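Listing of protein_13.tsv, TSV, C-alpha atoms
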```
chain	number	residue	atom	x	y	z
A	1	MET	CA	-14.28	-30.88	-9.35
A	2	ALA	CA	-10.63	-31.20	-8.53
A	3	GLU	CA	-9.24	-28.80	-5.96
A	4	THR	CA	-7.00	-26.44	-7.77
A	5	GLY	CA	-4.85	-23.70	-6.41
A	6	ILE	CA	-2.12	-21.37	-7.42
A	7	LEU	CA	1.32	-22.75	-8.16
A	8	LYS	CA	3.39	-23.36	-5.07
A	9	PRO	CA	6.97	-22.41	-4.20
A	10	GLY	CA	9.53	-24.69	-5.79
A	11	THR	CA	7.58	-24.97	-9.03
A	12	PRO	CA	9.22	-23.79	-12.26
A	13	ALA	CA	7.34	-20.70	-13.41
A	14	PRO	CA	5.42	-21.36	-16.63
A	15	ALA	CA	6.87	-19.40	-19.54
A	16	PHE	CA	4.77	-16.72	-21.23
A	17	THR	CA	4.90	-13.92	-23.73
A	18	LEU	CA	2.19	-11.28	-23.50
A	19	HIS	CA	1.52	-7.91	-25.06
A	20	THR	CA	2.03	-4.82	-22.93
A	21	THR	CA	1.34	-2.40	-25.80
A	22	PRO	CA	-0.03	-3.10	-29.29
A	23	ASP	CA	3.51	-3.58	-30.65
A	24	GLN	CA	5.52	-4.65	-27.59
A	25	THR	CA	5.60	-7.94	-25.77
A	26	VAL	CA	7.14	-9.03	-22.49
A	27	SER	CA	8.33	-12.57	-21.84
A	28	LEU	CA	9.13	-14.17	-18.53
A	29	SER	CA	12.50	-15.15	-20.00
A	30	ASP	CA	13.33	-11.43	-20.38
A	31	PHE	CA	13.90	-11.41	-16.63
A	32	ARG	CA	16.23	-14.39	-16.41
A	33	GLY	CA	18.94	-13.60	-13.84
A	34	GLN	CA	16.82	-11.25	-11.74
A	35	PRO	CA	13.83	-11.74	-9.45
A	36	VAL	CA	10.46	-10.94	-10.96
A	37	ILE	CA	7.18	-10.22	-9.22
A	38	LEU	CA	4.03	-11.31	-11.05
A	39	ALA	CA	0.98	-9.49	-9.71
A	40	PHE	CA	-2.23	-10.95	-11.12
A	41	TYR	CA	-5.18	-8.66	-10.38
A	42	PRO	CA	-8.84	-8.82	-11.43
A	43	ALA	CA	-9.21	-5.65	-13.49
A	44	ASP	CA	-7.94	-2.20	-14.35
A	45	TRP	CA	-9.83	0.82	-13.01
A	46	SER	CA	-10.43	-0.28	-9.47
A	47	PRO	CA	-12.55	2.57	-8.07
A	48	VAL	CA	-10.36	3.38	-5.08
A	49	CYS	CA	-7.30	5.60	-5.07
A	50	GLY	CA	-5.27	3.18	-3.03
A	51	ASP	CA	-5.58	0.35	-5.50
A	52	GLN	CA	-3.04	-2.45	-5.68
A	53	MET	CA	-1.14	-1.28	-8.77
A	54	THR	CA	-0.98	2.29	-7.42
A	55	LEU	CA	0.50	0.97	-4.19
A	56	TYR	CA	3.09	-1.17	-5.97
A	57	ASN	CA	4.01	1.81	-8.12
A	58	GLU	CA	4.91	3.71	-4.95
A	59	VAL	CA	6.86	0.76	-3.53
A	60	LEU	CA	8.74	0.18	-6.81
A	61	PRO	CA	11.98	1.75	-5.50
A	62	GLU	CA	12.00	-0.84	-2.69
A	63	PHE	CA	11.49	-3.69	-5.14
A	64	ARG	CA	14.34	-2.34	-7.24
A	65	LYS	CA	16.67	-2.43	-4.24
A	66	HIS	CA	16.35	-6.19	-4.67
A	67	HIS	CA	16.90	-5.81	-8.44
A	68	ALA	CA	13.41	-7.17	-8.86
A	69	ALA	CA	11.18	-6.45	-11.84
A	70	LEU	CA	7.43	-6.08	-11.42
A	71	VAL	CA	4.70	-6.85	-13.91
A	72	GLY	CA	0.95	-6.60	-13.45
A	73	ILE	CA	-1.26	-9.08	-15.32
A	74	SER	CA	-4.99	-9.01	-15.97
A	75	VAL	CA	-7.32	-9.98	-18.80
A	76	ASP	CA	-7.74	-6.35	-19.85
A	77	GLY	CA	-6.55	-5.49	-23.35
A	78	VAL	CA	-3.56	-3.36	-24.26
A	79	TRP	CA	-5.54	-0.18	-24.91
A	80	CYS	CA	-7.24	-0.46	-21.56
A	81	HIS	CA	-3.90	-1.14	-19.85
A	82	GLY	CA	-2.36	1.84	-21.64
A	83	ALA	CA	-5.05	4.24	-20.45
A	84	PHE	CA	-4.97	2.84	-16.92
A	85	ALA	CA	-1.16	2.98	-16.67
A	86	ALA	CA	-1.13	6.57	-17.93
A	87	SER	CA	-3.87	7.59	-15.51
A	88	ARG	CA	-2.07	6.08	-12.53
A	89	ARG	CA	1.39	7.08	-13.79
A	90	LEU	CA	2.58	3.49	-13.48
A	91	HIS	CA	6.28	2.86	-14.05
A	92	PHE	CA	6.07	-0.87	-14.67
A	93	PRO	CA	4.41	-2.90	-17.46
A	94	LEU	CA	0.87	-4.21	-17.38
A	95	LEU	CA	0.47	-7.38	-19.41
A	96	ALA	CA	-2.68	-8.30	-21.30
A	97	ASP	CA	-3.72	-11.93	-20.72
A	98	PHE	CA	-6.34	-11.20	-23.32
A	99	GLU	CA	-6.20	-13.76	-26.13
A	100	PRO	CA	-6.70	-16.60	-25.48
A	101	LYS	CA	-8.35	-15.04	-22.49
A	102	GLY	CA	-6.69	-15.85	-19.20
A	103	ALA	CA	-4.43	-18.51	-20.73
A	104	VAL	CA	-1.37	-17.48	-18.72
A	105	ALA	CA	-3.35	-17.05	-15.51
A	106	ARG	CA	-4.67	-20.59	-15.96
A	107	THR	CA	-1.14	-22.00	-16.12
A	108	TYR	CA	-0.45	-20.37	-12.73
A	109	GLY	CA	-3.76	-21.57	-11.27
A	110	ALA	CA	-4.82	-17.95	-11.00
A	111	TYR	CA	-7.91	-17.73	-13.21
A	112	ARG	CA	-11.52	-17.44	-12.06
A	113	ALA	CA	-13.40	-19.10	-14.89
A	114	LYS	CA	-16.82	-18.22	-13.49
A	115	GLU	CA	-16.16	-14.48	-13.46
A	116	GLY	CA	-13.69	-14.51	-16.35
A	117	VAL	CA	-11.02	-12.57	-14.47
A	118	THR	CA	-7.65	-13.34	-12.97
A	119	GLU	CA	-7.34	-13.97	-9.27
A	120	ARG	CA	-5.62	-11.50	-6.99
A	121	ALA	CA	-2.47	-13.62	-6.81
A	122	LEU	CA	1.19	-12.83	-6.27
A	123	PHE	CA	4.26	-14.78	-7.36
A	124	VAL	CA	7.90	-14.04	-6.64
A	125	ILE	CA	10.13	-15.86	-9.13
A	126	ASP	CA	13.88	-16.08	-8.71
A	127	GLY	CA	16.53	-15.45	-11.33
A	128	GLU	CA	16.50	-19.14	-12.28
A	129	GLY	CA	12.80	-19.06	-13.10
A	130	ILE	CA	11.63	-20.92	-9.99
A	131	ILE	CA	8.62	-19.73	-8.01
A	132	ARG	CA	9.91	-18.92	-4.53
A	133	TRP	CA	6.75	-17.46	-2.98
A	134	SER	CA	3.13	-17.33	-3.97
A	135	TYR	CA	0.06	-15.89	-2.35
A	136	LEU	CA	-3.60	-15.98	-3.25
A	137	SER	CA	-5.51	-13.10	-1.70
A	138	PRO	CA	-9.24	-13.00	-1.18
A	139	ILE	CA	-10.33	-11.27	-4.40
A	140	GLY	CA	-11.75	-8.25	-2.59
A	141	VAL	CA	-8.68	-7.65	-0.44
A	142	ASN	CA	-5.65	-5.81	-1.73
A	143	PRO	CA	-2.82	-7.88	-0.23
A	144	GLY	CA	-0.42	-4.97	0.19
A	145	ALA	CA	3.31	-5.23	-0.45
A	146	ASP	CA	4.70	-6.60	2.80
A	147	GLY	CA	4.60	-10.24	1.70
A	148	ILE	CA	6.45	-9.43	-1.53
A	149	LEU	CA	9.22	-7.59	0.32
A	150	GLU	CA	9.63	-10.44	2.79
A	151	ALA	CA	9.86	-12.91	-0.09
A	152	LEU	CA	12.47	-10.82	-1.91
A	153	GLU	CA	14.54	-10.59	1.27
A	154	SER	CA	14.39	-14.35	1.70
A	155	LEU	CA	15.89	-14.75	-1.80
A	156	ALA	CA	19.18	-13.30	-0.58
A	157	PRO	CA	21.70	-14.78	-0.50
A	158	ALA	CA	21.09	-16.66	-3.72
A	159	PRO	CA	19.98	-20.27	-3.11
A	160	SER	CA	23.00	-21.82	-4.81
A	161	LEU	CA	25.22	-19.83	-2.45
A	162	ALA	CA	23.15	-20.60	0.62
A	163	SER	CA	23.20	-24.32	-0.07
A	164	THR	CA	26.98	-24.33	-0.07
A	165	GLN	CA	27.24	-22.41	3.19
A	166	ARG	CA	26.07	-24.91	5.78
A	167	ARG	CA	25.39	-23.32	9.10
A	168	ALA	CA	27.24	-24.91	12.00
B	169	MET	CA	-12.78	-22.47	-6.31
B	170	ALA	CA	-9.90	-21.27	-4.22
B	171	THR	CA	-10.91	-18.49	-1.89
B	172	GLY	CA	-7.58	-17.10	-0.82
B	173	GLN	CA	-5.53	-17.29	2.31
B	174	SER	CA	-6.38	-15.11	5.24
B	175	ARG	CA	-3.37	-13.13	6.25
B	176	VAL	CA	-3.58	-10.97	9.34
B	177	ALA	CA	-1.72	-7.73	8.74
B	178	ARG	CA	-0.23	-6.30	11.91
B	179	LEU	CA	1.35	-2.99	12.73
B	180	VAL	CA	5.10	-3.65	12.75
B	181	LEU	CA	6.01	-0.29	14.29
B	182	PRO	CA	4.17	0.21	17.59
B	183	VAL	CA	2.93	3.65	18.51
B	184	ASP	CA	5.71	5.37	20.41
B	185	GLY	CA	7.34	8.70	21.10
B	186	ARG	CA	8.02	9.43	17.43
B	187	ASP	CA	4.32	9.45	16.64
B	188	HIS	CA	1.85	12.29	16.60
B	189	VAL	CA	-0.66	11.08	19.16
B	190	ARG	CA	-3.89	12.33	20.58
B	191	GLY	CA	-5.25	10.67	23.72
B	192	PRO	CA	-3.62	9.12	26.76
B	193	ALA	CA	-0.72	6.67	26.46
B	194	ASP	CA	-2.57	4.19	28.68
B	195	ALA	CA	-5.82	4.43	26.72
B	196	LEU	CA	-7.99	1.34	26.46
B	197	ALA	CA	-7.80	1.35	22.65
B	198	THR	CA	-5.36	2.53	19.99
B	199	LEU	CA	-6.31	3.62	16.47
B	200	VAL	CA	-3.59	4.25	13.89
B	201	GLU	CA	-4.40	5.80	10.52
B	202	TYR	CA	-2.09	5.77	7.51
B	203	GLY	CA	-3.32	8.62	5.37
B	204	ASP	CA	-2.63	10.96	2.46
B	205	TYR	CA	-3.70	14.61	2.62
B	206	GLU	CA	-4.77	14.68	-1.03
B	207	CYS	CA	-6.74	11.43	-0.94
B	208	PRO	CA	-10.49	12.09	-1.04
B	209	TYR	CA	-11.25	8.94	0.96
B	210	CYS	CA	-8.93	10.18	3.71
B	211	GLY	CA	-10.82	13.45	3.56
B	212	LEU	CA	-14.03	11.50	4.19
B	213	ALA	CA	-12.34	9.68	7.05
B	214	HIS	CA	-11.19	12.86	8.80
B	215	PRO	CA	-14.54	13.81	10.40
B	216	ILE	CA	-15.23	10.14	11.09
B	217	VAL	CA	-12.04	9.85	13.14
B	218	LYS	CA	-13.04	12.99	15.00
B	219	GLU	CA	-16.42	11.46	15.77
B	220	VAL	CA	-14.79	8.26	17.04
B	221	GLN	CA	-12.50	10.37	19.24
B	222	ARG	CA	-15.51	12.25	20.58
B	223	ARG	CA	-17.35	9.04	21.39
B	224	LEU	CA	-14.47	7.24	23.07
B	225	GLY	CA	-12.88	10.24	24.76
B	226	GLY	CA	-10.02	9.27	27.05
B	227	ARG	CA	-10.45	5.62	26.22
B	228	LEU	CA	-8.86	6.22	22.79
B	229	ARG	CA	-5.35	6.98	21.66
B	230	PHE	CA	-5.13	8.04	18.00
B	231	ALA	CA	-1.96	8.26	15.93
B	232	PHE	CA	-1.68	9.53	12.35
B	233	ARG	CA	1.09	8.40	10.01
B	234	HIS	CA	1.83	9.58	6.50
B	235	PHE	CA	1.21	7.42	3.45
B	236	PRO	CA	1.43	9.80	0.48
B	237	LEU	CA	0.60	8.20	-2.88
B	238	ALA	CA	2.85	10.71	-4.56
B	239	GLU	CA	2.49	9.48	-8.16
B	240	ILE	CA	-1.26	10.07	-8.26
B	241	HIS	CA	-1.38	12.88	-5.68
B	242	PRO	CA	1.33	15.45	-6.50
B	243	TYR	CA	0.56	17.61	-3.44
B	244	ALA	CA	0.45	14.76	-0.93
B	245	LEU	CA	4.15	14.63	-0.10
B	246	PRO	CA	4.68	18.40	0.31
B	247	ALA	CA	1.51	18.52	2.42
B	248	ALA	CA	2.82	15.74	4.66
B	249	GLU	CA	6.14	17.59	4.98
B	250	ALA	CA	4.18	20.74	5.89
B	251	ALA	CA	2.36	18.87	8.65
B	252	GLU	CA	5.71	17.72	10.02
B	253	ALA	CA	7.18	21.21	9.74
B	254	ALA	CA	4.20	22.51	11.72
B	255	GLY	CA	4.71	19.66	14.17
B	256	ALA	CA	8.30	20.78	14.71
B	257	GLN	CA	6.76	24.01	15.97
B	258	GLY	CA	4.25	22.19	18.13
B	259	ARG	CA	1.23	22.57	15.80
B	260	PHE	CA	0.97	19.24	13.98
B	261	TRP	CA	-2.70	18.60	14.65
B	262	GLU	CA	-3.78	22.12	13.81
B	263	MET	CA	-2.04	21.84	10.43
B	264	HIS	CA	-3.40	18.30	9.97
B	265	ASP	CA	-6.95	19.63	10.38
B	266	LEU	CA	-6.36	22.57	8.03
B	267	LEU	CA	-4.95	20.29	5.33
B	268	TYR	CA	-7.94	17.97	5.46
B	269	GLN	CA	-10.35	20.90	5.50
B	270	ASN	CA	-8.66	22.32	2.39
B	271	GLN	CA	-7.79	19.24	0.34
B	272	ARG	CA	-8.19	21.05	-2.96
B	273	ALA	CA	-5.78	23.81	-1.99
B	274	LEU	CA	-2.51	22.15	-1.07
B	275	ASP	CA	-0.06	23.98	-3.31
B	276	HIS	CA	3.00	25.67	-1.84
B	277	ALA	CA	1.43	29.12	-1.50
B	278	ASN	CA	-1.48	27.67	0.42
B	279	LEU	CA	0.76	25.59	2.68
B	280	VAL	CA	2.61	28.78	3.60
B	281	ARG	CA	-0.71	30.56	4.08
B	282	TYR	CA	-1.88	27.88	6.54
B	283	ALA	CA	1.41	28.20	8.42
B	284	GLY	CA	0.68	31.95	8.67
B	285	VAL	CA	-2.85	31.25	9.94
B	286	LEU	CA	-1.32	29.09	12.68
B	287	GLY	CA	1.17	31.79	13.59
B	288	LEU	CA	4.20	29.65	12.81
B	289	ASP	CA	7.71	30.98	12.32
B	290	LEU	CA	7.36	31.33	8.54
B	291	THR	CA	11.06	31.67	7.79
B	292	ARG	CA	11.74	28.35	9.47
B	293	PHE	CA	8.65	26.69	7.94
B	294	VAL	CA	9.52	27.76	4.39
B	295	SER	CA	13.17	26.78	4.72
B	296	GLU	CA	12.26	23.34	6.10
B	297	LEU	CA	9.94	22.75	3.14
B	298	ALA	CA	12.61	23.94	0.69
B	299	ASP	CA	15.25	21.71	2.31
B	300	HIS	CA	12.84	18.74	2.56
B	301	THR	CA	13.84	18.49	6.19
B	302	TRP	CA	10.93	16.17	6.95
B	303	GLU	CA	10.85	14.07	3.77
B	304	ALA	CA	12.81	11.20	5.35
B	305	ARG	CA	10.46	11.20	8.31
B	306	VAL	CA	7.47	10.96	5.96
B	307	ARG	CA	9.20	8.18	4.04
B	308	ASP	CA	9.79	6.29	7.30
B	309	ASP	CA	6.09	6.48	8.03
B	310	PHE	CA	5.34	5.27	4.51
B	311	MET	CA	7.68	2.28	4.77
B	312	SER	CA	6.40	1.32	8.20
B	313	GLY	CA	2.99	1.23	6.56
B	314	VAL	CA	4.16	-0.88	3.63
B	315	ARG	CA	5.75	-3.32	6.09
B	316	SER	CA	2.53	-3.49	8.07
B	317	GLY	CA	0.39	-4.34	5.05
B	318	VAL	CA	-1.09	-0.93	4.33
B	319	ASN	CA	-2.98	-1.49	1.09
B	320	GLY	CA	-4.51	1.85	0.28
B	321	THR	CA	-5.50	5.10	1.88
B	322	PRO	CA	-6.79	5.41	4.43
B	323	THR	CA	-5.72	2.22	6.17
B	324	PHE	CA	-6.62	1.86	9.84
B	325	PHE	CA	-5.04	-0.37	12.45
B	326	VAL	CA	-7.29	-1.16	15.38
B	327	ASN	CA	-5.25	-2.19	18.39
B	328	GLY	CA	-2.39	-3.17	16.11
B	329	VAL	CA	-4.32	-5.20	13.53
B	330	ARG	CA	-5.27	-3.93	10.06
B	331	HIS	CA	-8.94	-3.07	9.91
B	332	ASP	CA	-10.39	-4.40	6.65
B	333	GLY	CA	-13.90	-3.44	5.65
B	334	PRO	CA	-16.10	-0.47	6.49
B	335	TRP	CA	-14.71	2.38	8.59
B	336	ASP	CA	-17.78	4.35	9.52
B	337	ALA	CA	-17.86	5.71	13.08
B	338	ASP	CA	-20.07	2.92	14.43
B	339	THR	CA	-17.91	0.14	13.00
B	340	LEU	CA	-14.61	1.70	14.06
B	341	SER	CA	-15.82	2.54	17.57
B	342	ALA	CA	-17.19	-0.95	18.09
B	343	ALA	CA	-14.01	-2.60	16.78
B	344	LEU	CA	-11.83	-0.46	19.03
B	345	VAL	CA	-13.55	-1.32	22.28
B	346	ALA	CA	-14.80	-4.82	21.46
B	347	PRO	CA	-11.89	-6.61	23.21
B	348	ALA	CA	-12.68	-4.78	26.43
B	349	GLY	CA	-16.36	-5.68	26.20
B	350	VAL	CA	-17.40	-2.02	26.28
B	351	HIS	CA	-20.50	-0.95	24.40
B	352	VAL	CA	-20.62	2.45	22.75
```

Could you render the structure as structure tokens?
Amino acid sequence: MAETGILKPGTPAPAFTLHTTPDQTVSLSDFRGQPVILAFYPADWSPVCGDQMTLYNEVLPEFRKHHAALVGISVDGVWCHGAFAASRRLHFPLLADFEPKGAVARTYGAYRAKEGVTERALFVIDGEGIIRWSYLSPIGVNPGADGILEALESLAPAPSLASTQRRA
Amino acid sequence: MATGQSRVARLVLPVDGRDHVRGPADALATLVEYGDYECPYCGLAHPIVKEVQRRLGGRLRFAFRHFPLAEIHPYALPAAEAAEAAGAQGRFWEMHDLLYQNQRALDHANLVRYAGVLGLDLTRFVSELADHTWEARVRDDFMSGVRSGVNGTPTFFVNGVRHDGPWDADTLSAALVAPAGVHV
């Protein structure tokens, strides 16, 4: 079996369009021009109060300081996502990688076929649609938000600007 | 199958004079908890931390920092501010204990009642809550936690490294003194 892993920095982020509610979809291209954080997580309704999406919800104002958008992605369906987001008072969209199941996660190398769930994987994508940071966490360990914030900080100044400003 | 990268999360803000600390500054071991007064798991952790303190005595320095998950726990932020307001009058730990012993009664009237129980200057306490005098301080704690890889509540740091896994008294005590080769 070939060794597979999550997509690495420098890779163009695979495009997707997924439902966030029964009648609304979100596409990666919606975020063109701003950084976007993709947070793949195994399932809604993690039985701890400090779960990953709850944490990111609290850190959202910090992400927004970098003009970054956040989306959570799992194989749960839209009704499940809706109930979970309402329960946790989430202020960012949860996307349903539901049909075909895990298809988007597979394109990012973030699907666990044996269990049928997405990995606990993070991607920070720049405004040009290029993956600039990615991280695969052990599935049982909430990775926190520190790595995301460091990645967002490293995006500034914009790469096109940085490449023209050679340091002496 | 990929198994994930191991990433050691470390405390980015060392324990210092801004912290609420119990135990000697030169203690053998340092335990830092990021906690939320409304979080039931933190409520479970409260007597466990006390037990660890009892076992290790002067070998342990313990610091508590605020990590209110305000969206799911509406009373967590005001409770943290109340602990700080009590701390400004020299009674942080007494308020800290009262809040954890009364996790289901953290509304404003009860916060003021606890301040009365502790004999605080109530005029000052109430005005500091109304003015959110300590909100920025609580937010600083929260962000130091985010930067250190806090991933839920409670999160413990044992000698500066995030403690993943069980946090019963035996496990925490052993982890705290393991580097010094001390058995408890």

Which of these, B:Leu274, B:Val189, B:Leu181, B:Ala342, has the shortest distance to His241 of chain B once you count all atoms listed in the file?
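Using all atoms listed in the file, the shortest distance to His241 of chain B belongs to B:Leu274.
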
Which residues of segment 236-344 of chain B come within 12 Å of segment 206-224 of chain B, and for each one, what is the closest pair of atoms and their distance in Å to one decimal, counting all atoms listed in the file, sorted by chain and residue number, as JSON lines?
```
{"residue": "B:Pro236", "atom": "CA", "partner": "B:Glu206", "partner_atom": "CA", "distance": 8.0}
{"residue": "B:Leu237", "atom": "CA", "partner": "B:Cys207", "partner_atom": "CA", "distance": 8.3}
{"residue": "B:Ala238", "atom": "CA", "partner": "B:Glu206", "partner_atom": "CA", "distance": 9.3}
{"residue": "B:Glu239", "atom": "CA", "partner": "B:Glu206", "partner_atom": "CA", "distance": 11.4}
{"residue": "B:Ile240", "atom": "CA", "partner": "B:Cys207", "partner_atom": "CA", "distance": 9.2}
{"residue": "B:His241", "atom": "CA", "partner": "B:Glu206", "partner_atom": "CA", "distance": 6.0}
{"residue": "B:Pro242", "atom": "CA", "partner": "B:Glu206", "partner_atom": "CA", "distance": 8.2}
{"residue": "B:Tyr243", "atom": "CA", "partner": "B:Glu206", "partner_atom": "CA", "distance": 6.5}
{"residue": "B:Ala244", "atom": "CA", "partner": "B:Glu206", "partner_atom": "CA", "distance": 5.2}
{"residue": "B:Leu245", "atom": "CA", "partner": "B:Glu206", "partner_atom": "CA", "distance": 9.0}
{"residue": "B:Pro246", "atom": "CA", "partner": "B:Glu206", "partner_atom": "CA", "distance": 10.2}
{"residue": "B:Ala247", "atom": "CA", "partner": "B:Glu206", "partner_atom": "CA", "distance": 8.1}
{"residue": "B:Ala248", "atom": "CA", "partner": "B:Glu206", "partner_atom": "CA", "distance": 9.5}
{"residue": "B:Trp261", "atom": "CA", "partner": "B:Lys218", "partner_atom": "CA", "distance": 11.8}
{"residue": "B:His264", "atom": "CA", "partner": "B:His214", "partner_atom": "CA", "distance": 9.6}
{"residue": "B:Asp265", "atom": "CA", "partner": "B:His214", "partner_atom": "CA", "distance": 8.1}
{"residue": "B:Leu266", "atom": "CA", "partner": "B:His214", "partner_atom": "CA", "distance": 10.9}
{"residue": "B:Leu267", "atom": "CA", "partner": "B:Glu206", "partner_atom": "CA", "distance": 8.5}
{"residue": "B:Tyr268", "atom": "CA", "partner": "B:Gly211", "partner_atom": "CA", "distance": 5.7}
{"residue": "B:Gln269", "atom": "CA", "partner": "B:Gly211", "partner_atom": "CA", "distance": 7.7}
{"residue": "B:Asn270", "atom": "CA", "partner": "B:Gly211", "partner_atom": "CA", "distance": 9.2}
{"residue": "B:Gln271", "atom": "CA", "partner": "B:Glu206", "partner_atom": "CA", "distance": 5.6}
{"residue": "B:Arg272", "atom": "CA", "partner": "B:Glu206", "partner_atom": "CA", "distance": 7.5}
{"residue": "B:Ala273", "atom": "CA", "partner": "B:Glu206", "partner_atom": "CA", "distance": 9.2}
{"residue": "B:Leu274", "atom": "CA", "partner": "B:Glu206", "partner_atom": "CA", "distance": 7.8}
{"residue": "B:Asp275", "atom": "CA", "partner": "B:Glu206", "partner_atom": "CA", "distance": 10.7}
{"residue": "B:Gly320", "atom": "CA", "partner": "B:Tyr209", "partner_atom": "CA", "distance": 9.8}
{"residue": "B:Thr321", "atom": "CA", "partner": "B:Cys210", "partner_atom": "CA", "distance": 6.4}
{"residue": "B:Pro322", "atom": "CA", "partner": "B:Cys210", "partner_atom": "CA", "distance": 5.3}
{"residue": "B:Thr323", "atom": "CA", "partner": "B:Cys210", "partner_atom": "CA", "distance": 8.9}
{"residue": "B:Phe324", "atom": "CA", "partner": "B:Ala213", "partner_atom": "CA", "distance": 10.1}
{"residue": "B:Pro334", "atom": "CA", "partner": "B:Ala213", "partner_atom": "CA", "distance": 10.8}
{"residue": "B:Trp335", "atom": "CA", "partner": "B:Ala213", "partner_atom": "CA", "distance": 7.8}
{"residue": "B:Asp336", "atom": "CA", "partner": "B:Ile216", "partner_atom": "CA", "distance": 6.5}
{"residue": "B:Ala337", "atom": "CA", "partner": "B:Ile216", "partner_atom": "CA", "distance": 5.5}
{"residue": "B:Asp338", "atom": "CA", "partner": "B:Val220", "partner_atom": "CA", "distance": 8.0}
{"residue": "B:Thr339", "atom": "CA", "partner": "B:Val220", "partner_atom": "CA", "distance": 9.6}
{"residue": "B:Leu340", "atom": "CA", "partner": "B:Val220", "partner_atom": "CA", "distance": 7.2}
{"residue": "B:Ser341", "atom": "CA", "partner": "B:Val220", "partner_atom": "CA", "distance": 5.8}
{"residue": "B:Ala342", "atom": "CA", "partner": "B:Val220", "partner_atom": "CA", "distance": 9.6}
{"residue": "B:Ala343", "atom": "CA", "partner": "B:Val220", "partner_atom": "CA", "distance": 10.9}
{"residue": "B:Leu344", "atom": "CA", "partner": "B:Leu224", "partner_atom": "CA", "distance": 9.1}
```

Enter the distance from atom CA of Phe293 of chain B to atom CA of Gln257 of chain B, in Å, rounded to one decimal.
8.7 Å

Spatial neighbours of Ile73 of chain A, 9 Å, only C-alpha atoms, chain gap at least 3 places, as a JSON list (two decimals) with C-alpha atoms, keeping the file's coordinate frame:
```
[["chain", "number", "residue", "atom", "x", "y", "z"],
["A", 38, "LEU", "CA", 4.03, -11.31, -11.05],
["A", 39, "ALA", "CA", 0.98, -9.49, -9.71],
["A", 40, "PHE", "CA", -2.23, -10.95, -11.12],
["A", 41, "TYR", "CA", -5.18, -8.66, -10.38],
["A", 42, "PRO", "CA", -8.84, -8.82, -11.43],
["A", 43, "ALA", "CA", -9.21, -5.65, -13.49],
["A", 76, "ASP", "CA", -7.74, -6.35, -19.85],
["A", 93, "PRO", "CA", 4.41, -2.90, -17.46],
["A", 94, "LEU", "CA", 0.87, -4.21, -17.38],
["A", 95, "LEU", "CA", 0.47, -7.38, -19.41],
["A", 96, "ALA", "CA", -2.68, -8.30, -21.30],
["A", 97, "ASP", "CA", -3.72, -11.93, -20.72],
["A", 105, "ALA", "CA", -3.35, -17.05, -15.51],
["A", 118, "THR", "CA", -7.65, -13.34, -12.97]]
```

Given the choices B:Val285, B:Val200, B:Ala346, B:Val318, which gets closest to chain A if the distance is worked out from only C-alpha atoms?
B:Val318

Set the distance at 10 Å and use only C-alpha atoms: which residues neighbour Val294 of chain B once local chain neighbours fewer than 3 positions away are removed? I'd like the list as a ChimeraX atom specification.
/B:250,253,276,279-280,283,289-291,297-300

Give me, as a Markdown table, each residue of chain A that comes within 7 Å of chain B, together with its shortest interatomic pair and the distance in Å at one decimal, counting all atoms listed in the file, with rows ordered by chain and rising residue number.
```
| residue | atom | partner | partner_atom | distance |
| --- | --- | --- | --- | --- |
| A:Thr4 | CA | B:Ala170 | CA | 6.9 |
| A:Gly5 | CA | B:Ala170 | CA | 6.0 |
| A:Gly50 | CA | B:Gly320 | CA | 3.6 |
| A:Asp51 | CA | B:Gly320 | CA | 6.1 |
| A:Gln52 | CA | B:Asn319 | CA | 6.8 |
| A:Leu55 | CA | B:Gly320 | CA | 6.8 |
| A:Glu58 | CA | B:Leu237 | CA | 6.6 |
| A:Arg88 | CA | B:Ile240 | CA | 5.9 |
| A:Arg89 | CA | B:Glu239 | CA | 6.2 |
| A:Leu136 | CA | B:Gly172 | CA | 4.8 |
| A:Ser137 | CA | B:Gly172 | CA | 4.6 |
| A:Pro138 | CA | B:Gly172 | CA | 4.4 |
| A:Asn142 | CA | B:Asn319 | CA | 5.8 |
| A:Pro143 | CA | B:Asn319 | CA | 6.5 |
| A:Gly144 | CA | B:Asn319 | CA | 4.4 |
| A:Ala145 | CA | B:Val314 | CA | 6.0 |
| A:Asp146 | CA | B:Arg315 | CA | 4.8 |
```

Correct to one decimal, the distance atom CA of His67 of chain A-atom CA of Glu303 of chain B is 24.1 Å

I want to know what sits within 12 Å of His19 of chain A, based on all atoms listed in the file, with residues of the same chain fewer than 5 positions away left out; could you give that as number ranges by chain?
A: 24-28, 71-79, 81-82, 93-100, 104

Dump C-alpha atoms for the selected residues as a compact mmCIF listing (two decimals), in the coordinates of the input?
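Just written: out12.txt:
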```
# COMPACT_ATOMS: atom_id res chain seq x y z
CA GLN A 24 5.52 -4.65 -27.59
CA THR A 25 5.60 -7.94 -25.77
CA VAL A 26 7.14 -9.03 -22.49
CA SER A 27 8.33 -12.57 -21.84
CA LEU A 28 9.13 -14.17 -18.53
CA VAL A 71 4.70 -6.85 -13.91
CA GLY A 72 0.95 -6.60 -13.45
CA ILE A 73 -1.26 -9.08 -15.32
CA SER A 74 -4.99 -9.01 -15.97
CA VAL A 75 -7.32 -9.98 -18.80
CA ASP A 76 -7.74 -6.35 -19.85
CA GLY A 77 -6.55 -5.49 -23.35
CA VAL A 78 -3.56 -3.36 -24.26
CA TRP A 79 -5.54 -0.18 -24.91
CA HIS A 81 -3.90 -1.14 -19.85
CA GLY A 82 -2.36 1.84 -21.64
CA PRO A 93 4.41 -2.90 -17.46
CA LEU A 94 0.87 -4.21 -17.38
CA LEU A 95 0.47 -7.38 -19.41
CA ALA A 96 -2.68 -8.30 -21.30
CA ASP A 97 -3.72 -11.93 -20.72
CA PHE A 98 -6.34 -11.20 -23.32
CA GLU A 99 -6.20 -13.76 -26.13
CA PRO A 100 -6.70 -16.60 -25.48
CA VAL A 104 -1.37 -17.48 -18.72
```
